[in-house]
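> This is the structure I want to talk about, given as structure tokens.
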Amino acid sequence: MKPNPSPPKAGGMALGRTVLPIAMLSPAVLVTVAIVFLPMLQTAWMSLHDYILFRPKSFDFVGLKNFIAALNDEVFWISLRHTLIWIFLTVPSQLLLGLAAALLLNQEFPWRGLARALIIVPWALPSVVISLMWVWIYDSNYGVLNDFLLRLGLIATSIPWLADPATALYAIILTLTWQGFPFFAVMILAGLQSIPRSFYEAAAIDGASGWRQFWHITLPGISGVLVTAVLLRIIWVANSIDVIFVMTGGGPGYATYTLPLYAFIKARTNLDFGYGSALAVLFTLMLMGLVIVYLRRAGKAVQT
Amino acid sequence: MIIKKRSLTRRLLTVDLPITVILAFALGPYVWMFLTSVTAKNRLFTFGPSLVEATMENYLRLFKTVGFWNNLVDSFIIAGGTVVVGLTLSIMAAYAFSRFRFPAKRGLLLQFLVINMFPVVLLILPLFIFMRQLGLIDTHAALIIANSTVAIPFSVWMMVSYMNGIPRSLDEAAMTDGCTRLGALWRVVMPLCLPGIIATGIYIFITAWNEYLYALTLGGRNVRPITVAIQTLIGEYEVEWGLLTAGGVVGAMPATVLFLIVQKRLISGLTQGAVKG
């Protein structure tokens, strides 16, 4: 440590106190502004234009044309329907499975530490690897799922889970449930551990049954965590397209299109950036409500 | 939950058994992938995946013929670069959040949170155009920058909570002894929250390693990280499940191992800020 030759003047200190935090924050803020917030505005701007990437000269302002086209687009409504099914099946399944896992992991048993560590492995895997192994599991000829169900006699012939429009979306929902339930388990477990033991002891002395203890102590104790986790999960599940994109690419037909995936495919394969942007903007506006609710909750937790 | 001491059989039935079932569900697909990867091609379709006559043949082919090695190197460069960039920016920002009072602090903290809430599709198109204008398409730099923004929000939140745990009086003591502000950060605060820095760094590494959509859009030809390579393999070697699953095992390895090392610390951070999808 270099000794300071002369103590800094009071004015210098005050200046340092305002300039230094700005200087330290600005790199992170600048990067996020450049990579997240500017592109967002650009997307909004592009959505008001006819913009197809292989015709870079034509960037004509068309107002809300893309949005009106979307509302008249059958695929838009199909995708929206799938997005809703996708969210309302995936998130509750993840939640219930996660809750069950958390309640179990909160009990005392000798290998609890190991179980707690292993249960989150799905969460750490790359989504491409997840897609790969589930495509293999669902394989219509050699997949283990068909093999398993055939041996149990639950199905008579192999089902091409991902190639059949009737099952493809649900097959992917199962994959996503698998990927996401550990997150709930871990969040809920943290909530459970914050409930004082004495609450249960008191309830047990008063003769409350296990179920009543769960209802009156456990659930209220973890309700905050539950709401936050559900909000976050809805937002992520809704946004998540990588697993679907790798597993089916939206197919067969439009059977596994969700809104963000539709926007992505429109832009990526058709290079129709104007329309793709409009879809992305529409979808984001739909999610906005949830994001605001989440931010309000998070904002309360911030101490400044 | 209930205080009564339960008998061993009852515990086995109500706790150990159900948790084993859930763990089997959680780990089964991974184990199945691993088994498939060590099964020889001629046995796979007749006997199915098994440890009998396990072979490394698929892994050898993966590195010899498919050129998986380059993809691994790309992934390491990108993930490592993201750790350096993301961690540096996050530590500086977190120190400012943790030690200074300034207007709009809450708003700025929340703007970091909001970043991960927007669908990638909303950002990816302009980002592609932007990177193309900068001439960064298909370079490691583009992916390092993009992945950093994905990782920064959670990293900032995590580092703020670690730094808040270190008393301000220590900084002040260092500054009375003649350190500058940055000197106090470098010599006092950072060594003290080293475990937190390591956990955050590993978190950043995992997110960057696992990232797929940016890698697909901003990279792809010269720079082809492991996630994109695996996805291409799925298209090219549809029936070569041994080879494919070997790729999956290798691709998942670094992130999984690192994750298991720091899982306790990461989880406590995760449950506070809760950002990854």
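How things are named: the first chain in the structure tokens is A, the next is B, and so on; residues count from 1 in each chain; ligands count from 1 in the order shown.
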Skipping near chain neighbours, those fewer than 5 positions away, what residues fall within 8 Å of stretch 33-40 of chain B using only C-alpha atoms, listed as a PyMOL selection string?
(chain A and resi 133) or (chain B and resi 48-59+241-246+248-249)
> Find the residues around A:Pro92 up to 9 Å (only C-alpha atoms counted), leave out those fewer than 4 positions away in its own chain, and share them as a PyMOL selection string.
chain A and resi 87-88+96-97+177+230
> Quick one: write out the picked residues with N, CA and C atoms as a PDB file, in the first residue's frame?

ATOM      1  N   ILE A  87     -47.491 -22.599 -21.155  1.00  0.00           N
ATOM      2  CA  ILE A  87     -47.267 -21.997 -19.838  1.00  0.00           C
ATOM      3  C   ILE A  87     -48.122 -22.683 -18.784  1.00  0.00           C
ATOM      4  N   PHE A  88     -49.413 -22.886 -19.097  1.00  0.00           N
ATOM      5  CA  PHE A  88     -50.326 -23.338 -18.050  1.00  0.00           C
ATOM      6  C   PHE A  88     -50.194 -24.823 -17.742  1.00  0.00           C
ATOM      7  N   LEU A  96     -45.645 -28.323  -8.832  1.00  0.00           N
ATOM      8  CA  LEU A  96     -46.080 -29.427  -7.982  1.00  0.00           C
ATOM      9  C   LEU A  96     -44.954 -30.418  -7.729  1.00  0.00           C
ATOM     10  N   LEU A  97     -44.248 -30.762  -8.801  1.00  0.00           N
ATOM     11  CA  LEU A  97     -43.148 -31.696  -8.653  1.00  0.00           C
ATOM     12  C   LEU A  97     -42.054 -31.090  -7.771  1.00  0.00           C
ATOM     13  N   THR A 177     -40.767 -29.583 -18.128  1.00  0.00           N
ATOM     14  CA  THR A 177     -41.081 -29.813 -16.726  1.00  0.00           C
ATOM     15  C   THR A 177     -39.884 -30.430 -16.027  1.00  0.00           C
ATOM     16  N   VAL A 230     -43.038 -18.577  -9.169  1.00  0.00           N
ATOM     17  CA  VAL A 230     -44.009 -18.789 -10.244  1.00  0.00           C
ATOM     18  C   VAL A 230     -43.917 -17.662 -11.267  1.00  0.00           C
TER      19      VAL A 230
END
> Using only C-alpha atoms, which residue out of B:Tyr162, B:Trp186, B:Phe76, B:Trp209 lies closest to chain A?
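Checking each candidate against chain A, we get B:Trp209 as the closest.
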> Hey, which bits of chain A sit within 7 Å of chain B, and for each residue what's the closest pair of atoms and how far apart in Å (one decimal), counting only C-alpha atoms, rows by chain and increasing number, as JSON lines?

{"residue": "A:Met1", "atom": "CA", "partner": "B:Cys179", "partner_atom": "CA", "distance": 6.4}
{"residue": "A:Lys2", "atom": "CA", "partner": "B:Gly178", "partner_atom": "CA", "distance": 6.6}
{"residue": "A:Pro3", "atom": "CA", "partner": "B:Gly178", "partner_atom": "CA", "distance": 5.0}
{"residue": "A:Asn4", "atom": "CA", "partner": "B:Gly178", "partner_atom": "CA", "distance": 5.0}
{"residue": "A:Pro21", "atom": "CA", "partner": "B:Ala96", "partner_atom": "CA", "distance": 4.8}
{"residue": "A:Met24", "atom": "CA", "partner": "B:Met92", "partner_atom": "CA", "distance": 5.1}
{"residue": "A:Leu25", "atom": "CA", "partner": "B:Ala93", "partner_atom": "CA", "distance": 4.5}
{"residue": "A:Pro27", "atom": "CA", "partner": "B:Leu89", "partner_atom": "CA", "distance": 6.3}
{"residue": "A:Ala28", "atom": "CA", "partner": "B:Leu89", "partner_atom": "CA", "distance": 5.2}
{"residue": "A:Val31", "atom": "CA", "partner": "B:Thr149", "partner_atom": "CA", "distance": 6.9}
{"residue": "A:Thr32", "atom": "CA", "partner": "B:Thr149", "partner_atom": "CA", "distance": 5.7}
{"residue": "A:Ile35", "atom": "CA", "partner": "B:Ala146", "partner_atom": "CA", "distance": 6.7}
{"residue": "A:Val36", "atom": "CA", "partner": "B:Leu123", "partner_atom": "CA", "distance": 6.3}
{"residue": "A:Pro39", "atom": "CA", "partner": "B:Pro126", "partner_atom": "CA", "distance": 5.1}
{"residue": "A:Met40", "atom": "CA", "partner": "B:Leu123", "partner_atom": "CA", "distance": 5.6}
{"residue": "A:Gln42", "atom": "CA", "partner": "B:Pro126", "partner_atom": "CA", "distance": 6.3}
{"residue": "A:Thr43", "atom": "CA", "partner": "B:Leu122", "partner_atom": "CA", "distance": 6.3}
{"residue": "A:Ala101", "atom": "CA", "partner": "B:Ile19", "partner_atom": "CA", "distance": 6.8}
{"residue": "A:Leu104", "atom": "CA", "partner": "B:Val15", "partner_atom": "CA", "distance": 6.0}
{"residue": "A:Ala117", "atom": "CA", "partner": "B:Gln263", "partner_atom": "CA", "distance": 6.8}
{"residue": "A:Ile119", "atom": "CA", "partner": "B:Leu23", "partner_atom": "CA", "distance": 6.0}
{"residue": "A:Val121", "atom": "CA", "partner": "B:Thr256", "partner_atom": "CA", "distance": 6.9}
{"residue": "A:Pro122", "atom": "CA", "partner": "B:Ala26", "partner_atom": "CA", "distance": 6.5}
{"residue": "A:Ala124", "atom": "CA", "partner": "B:Thr256", "partner_atom": "CA", "distance": 5.8}
{"residue": "A:Leu125", "atom": "CA", "partner": "B:Ala252", "partner_atom": "CA", "distance": 5.6}
{"residue": "A:Pro126", "atom": "CA", "partner": "B:Asn210", "partner_atom": "CA", "distance": 4.3}
{"residue": "A:Ser127", "atom": "CA", "partner": "B:Asn210", "partner_atom": "CA", "distance": 6.8}
{"residue": "A:Val128", "atom": "CA", "partner": "B:Thr227", "partner_atom": "CA", "distance": 5.9}
{"residue": "A:Val129", "atom": "CA", "partner": "B:Gly248", "partner_atom": "CA", "distance": 5.2}
{"residue": "A:Met133", "atom": "CA", "partner": "B:Met33", "partner_atom": "CA", "distance": 6.0}
{"residue": "A:Trp178", "atom": "CA", "partner": "B:Ala26", "partner_atom": "CA", "distance": 6.7}
{"residue": "A:Met187", "atom": "CA", "partner": "B:Thr271", "partner_atom": "CA", "distance": 5.5}
{"residue": "A:Ala190", "atom": "CA", "partner": "B:Thr271", "partner_atom": "CA", "distance": 7.0}
{"residue": "A:Tyr200", "atom": "CA", "partner": "B:Met1", "partner_atom": "CA", "distance": 6.7}
{"residue": "A:Glu201", "atom": "CA", "partner": "B:Ile3", "partner_atom": "CA", "distance": 6.8}
{"residue": "A:Ala204", "atom": "CA", "partner": "B:Ile2", "partner_atom": "CA", "distance": 6.9}
{"residue": "A:Gly210", "atom": "CA", "partner": "B:Ile2", "partner_atom": "CA", "distance": 6.6}
{"residue": "A:Ile235", "atom": "CA", "partner": "B:Met117", "partner_atom": "CA", "distance": 6.5}
{"residue": "A:Trp236", "atom": "CA", "partner": "B:Gly277", "partner_atom": "CA", "distance": 5.5}
{"residue": "A:Asn239", "atom": "CA", "partner": "B:Pro119", "partner_atom": "CA", "distance": 5.0}
{"residue": "A:Asp242", "atom": "CA", "partner": "B:Leu213", "partner_atom": "CA", "distance": 6.7}
{"residue": "A:Val246", "atom": "CA", "partner": "B:Gln231", "partner_atom": "CA", "distance": 6.7}
{"residue": "A:Pro260", "atom": "CA", "partner": "B:Val121", "partner_atom": "CA", "distance": 6.4}
{"residue": "A:Ala263", "atom": "CA", "partner": "B:Val121", "partner_atom": "CA", "distance": 6.8}
{"residue": "A:Phe264", "atom": "CA", "partner": "B:Val121", "partner_atom": "CA", "distance": 5.7}
{"residue": "A:Ser277", "atom": "CA", "partner": "B:Leu122", "partner_atom": "CA", "distance": 6.8}
{"residue": "A:Ala280", "atom": "CA", "partner": "B:Leu122", "partner_atom": "CA", "distance": 5.3}
{"residue": "A:Val281", "atom": "CA", "partner": "B:Leu122", "partner_atom": "CA", "distance": 6.8}
{"residue": "A:Thr284", "atom": "CA", "partner": "B:Phe118", "partner_atom": "CA", "distance": 6.9}
{"residue": "A:Val291", "atom": "CA", "partner": "B:Met117", "partner_atom": "CA", "distance": 6.9}
{"residue": "A:Leu295", "atom": "CA", "partner": "B:Leu110", "partner_atom": "CA", "distance": 7.0}
{"residue": "A:Gly299", "atom": "CA", "partner": "B:Leu110", "partner_atom": "CA", "distance": 6.8}
{"residue": "A:Val302", "atom": "CA", "partner": "B:Arg106", "partner_atom": "CA", "distance": 6.9}
{"residue": "A:Thr304", "atom": "CA", "partner": "B:Arg106", "partner_atom": "CA", "distance": 6.6}
> May I have the residues from that selection written out with C-alpha atoms, as a PDB file, in the first residue's frame?

ATOM      1  CA  MET A   1       0.000   0.000   0.000  1.00  0.00           C
ATOM      2  CA  LYS A   2       1.366   3.364  -1.024  1.00  0.00           C
ATOM      3  CA  PRO A   3       1.157   5.942   1.742  1.00  0.00           C
ATOM      4  CA  ASN A   4      -0.827   8.950   0.641  1.00  0.00           C
ATOM      5  CA  PRO A  21     -19.801   5.192  -8.560  1.00  0.00           C
ATOM      6  CA  MET A  24     -17.708   2.030 -11.864  1.00  0.00           C
ATOM      7  CA  LEU A  25     -21.273   1.480 -12.972  1.00  0.00           C
ATOM      8  CA  PRO A  27     -19.281  -0.124 -18.157  1.00  0.00           C
ATOM      9  CA  ALA A  28     -21.958  -2.584 -17.040  1.00  0.00           C
ATOM     10  CA  VAL A  31     -22.940  -2.835 -22.255  1.00  0.00           C
ATOM     11  CA  THR A  32     -26.464  -3.692 -21.247  1.00  0.00           C
ATOM     12  CA  ILE A  35     -26.800  -5.053 -26.173  1.00  0.00           C
ATOM     13  CA  VAL A  36     -30.269  -5.092 -24.619  1.00  0.00           C
ATOM     14  CA  PRO A  39     -31.816  -3.515 -29.732  1.00  0.00           C
ATOM     15  CA  MET A  40     -35.204  -3.514 -28.028  1.00  0.00           C
ATOM     16  CA  GLN A  42     -34.681  -1.051 -32.714  1.00  0.00           C
ATOM     17  CA  THR A  43     -36.976  -4.054 -32.763  1.00  0.00           C
ATOM     18  CA  ALA A 101     -39.304 -32.721  -3.971  1.00  0.00           C
ATOM     19  CA  LEU A 104     -39.130 -34.529   0.865  1.00  0.00           C
ATOM     20  CA  ALA A 117     -26.985 -31.802  -4.806  1.00  0.00           C
ATOM     21  CA  ILE A 119     -31.622 -33.076  -7.887  1.00  0.00           C
ATOM     22  CA  VAL A 121     -28.375 -31.543 -12.258  1.00  0.00           C
ATOM     23  CA  PRO A 122     -31.046 -31.015 -14.973  1.00  0.00           C
ATOM     24  CA  ALA A 124     -27.137 -27.156 -15.092  1.00  0.00           C
ATOM     25  CA  LEU A 125     -27.286 -29.014 -18.406  1.00  0.00           C
ATOM     26  CA  PRO A 126     -27.165 -27.102 -21.696  1.00  0.00           C
ATOM     27  CA  SER A 127     -30.608 -26.936 -23.276  1.00  0.00           C
ATOM     28  CA  VAL A 128     -29.215 -28.430 -26.478  1.00  0.00           C
ATOM     29  CA  VAL A 129     -28.028 -31.509 -24.594  1.00  0.00           C
ATOM     30  CA  MET A 133     -31.348 -36.736 -24.852  1.00  0.00           C
ATOM     31  CA  TRP A 178     -38.126 -32.057 -16.155  1.00  0.00           C
ATOM     32  CA  MET A 187     -36.383 -22.199  -4.166  1.00  0.00           C
ATOM     33  CA  ALA A 190     -34.933 -22.393   0.888  1.00  0.00           C
ATOM     34  CA  TYR A 200     -44.332 -26.967  14.134  1.00  0.00           C
ATOM     35  CA  GLU A 201     -43.530 -27.942  17.696  1.00  0.00           C
ATOM     36  CA  ALA A 204     -47.910 -30.518  17.306  1.00  0.00           C
ATOM     37  CA  GLY A 210     -49.654 -33.129   9.464  1.00  0.00           C
ATOM     38  CA  ILE A 235     -41.652 -15.400 -17.747  1.00  0.00           C
ATOM     39  CA  TRP A 236     -38.832 -17.844 -18.516  1.00  0.00           C
ATOM     40  CA  ASN A 239     -39.581 -16.958 -23.384  1.00  0.00           C
ATOM     41  CA  ASP A 242     -34.226 -23.245 -27.490  1.00  0.00           C
ATOM     42  CA  VAL A 246     -33.843 -28.038 -31.303  1.00  0.00           C
ATOM     43  CA  PRO A 260     -41.509 -16.301 -29.577  1.00  0.00           C
ATOM     44  CA  ALA A 263     -41.087 -14.692 -34.336  1.00  0.00           C
ATOM     45  CA  PHE A 264     -37.672 -16.339 -34.350  1.00  0.00           C
ATOM     46  CA  SER A 277     -40.154  -7.921 -34.894  1.00  0.00           C
ATOM     47  CA  ALA A 280     -41.747 -10.260 -30.816  1.00  0.00           C
ATOM     48  CA  VAL A 281     -43.109  -6.880 -29.739  1.00  0.00           C
ATOM     49  CA  THR A 284     -43.348  -8.849 -25.080  1.00  0.00           C
ATOM     50  CA  VAL A 291     -42.698  -8.431 -15.550  1.00  0.00           C
ATOM     51  CA  LEU A 295     -40.274  -5.914 -10.531  1.00  0.00           C
ATOM     52  CA  GLY A 299     -38.123  -3.446  -5.835  1.00  0.00           C
ATOM     53  CA  VAL A 302     -34.051  -3.756  -2.441  1.00  0.00           C
ATOM     54  CA  THR A 304     -31.076   1.485  -0.788  1.00  0.00           C
TER      55      THR A 304
END
> What is the distance, in Å and to one decimal place, between atom CA of B:Arg61 and atom CA of B:Ile77?
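Here the two named atoms are 23.3 Å from each other.
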> Find the spatial neighbours of A:Trp77, counting only C-alpha atoms, within a cut-off of 12 Å - ignore same-chain residues fewer than 3 positions away - and output them as number ranges by chain.
A: 69-74, 80-84, 254, 257-259, 262, 279, 283
> List every residue of stretch 12-161 of chain B that DSSP, applied to the backbone, labels as alpha helix (DSSP H), and write the result as a PyMOL selection string.
chain B and resi 17-37+41-47+57-64+68-99+105-115+120-134+140-161
> So that I can check the surroundings of A:Thr157, please list as a list in words every protein, DNA and RNA residue that reaches within 12 Å of it, counting only C-alpha atoms and ignoring chain neighbours fewer than 2 positions away.
Ser140, Asn141, Leu145, Asn146, Asp147, Phe148, Leu149, Leu150, Arg151, Leu152, Gly153, Leu154, Ile155, Ile159, Pro160 and Trp161 of chain A
> Could you save the residues just selected, with C-alpha atoms, as a compact mmCIF listing (two decimals), in the first residue's frame?

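The file below, result_38.txt, is the result:
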# COMPACT_ATOMS: atom_id res chain seq x y z
CA SER A 140 -40.13 -43.85 -32.31
CA ASN A 141 -38.05 -46.94 -33.17
CA LEU A 145 -40.10 -44.44 -23.58
CA ASN A 146 -41.85 -46.50 -26.25
CA ASP A 147 -39.93 -49.59 -25.16
CA PHE A 148 -40.96 -49.04 -21.56
CA LEU A 149 -44.63 -48.43 -22.32
CA LEU A 150 -44.78 -51.37 -24.73
CA ARG A 151 -43.38 -53.72 -22.11
CA LEU A 152 -45.86 -52.48 -19.55
CA GLY A 153 -48.59 -53.06 -22.12
CA LEU A 154 -49.79 -49.45 -21.84
CA ILE A 155 -49.54 -48.90 -25.59
CA ILE A 159 -45.87 -43.78 -30.84
CA PRO A 160 -43.75 -41.24 -32.73
CA TRP A 161 -44.05 -38.74 -29.87
> Residues near A:Arg55, anyone? I mean within 12 Å using only C-alpha atoms, not counting same-chain ones fewer than 4 positions away, as a list in words.
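So, after excluding close chain neighbours, the residues are Asp50, Tyr51, Phe59, Asp60, Asn270, Leu271, Asp272, Phe273 and Gly274 of chain A.
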> Can you tell me which residues surround A:Met247 at a distance of at most 7 Å, considering only C-alpha atoms, apart from same-chain residues fewer than 2 positions away, and format the answer as a ChimeraX atom specification?
/A:131,135,243-245,249
> Name the closest residue to B:Asn222 among the candidates B:Ile144, B:Val189, B:Asp138, B:Pro195; distances are taken between atoms, counting only C-alpha atoms.
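Using only C-alpha atoms, the shortest distance to B:Asn222 belongs to B:Asp138.
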> Calculate how many Å separate atom CA of A:Ile172 from atom CA of A:Arg268, rounding to one decimal.
21.6 Å
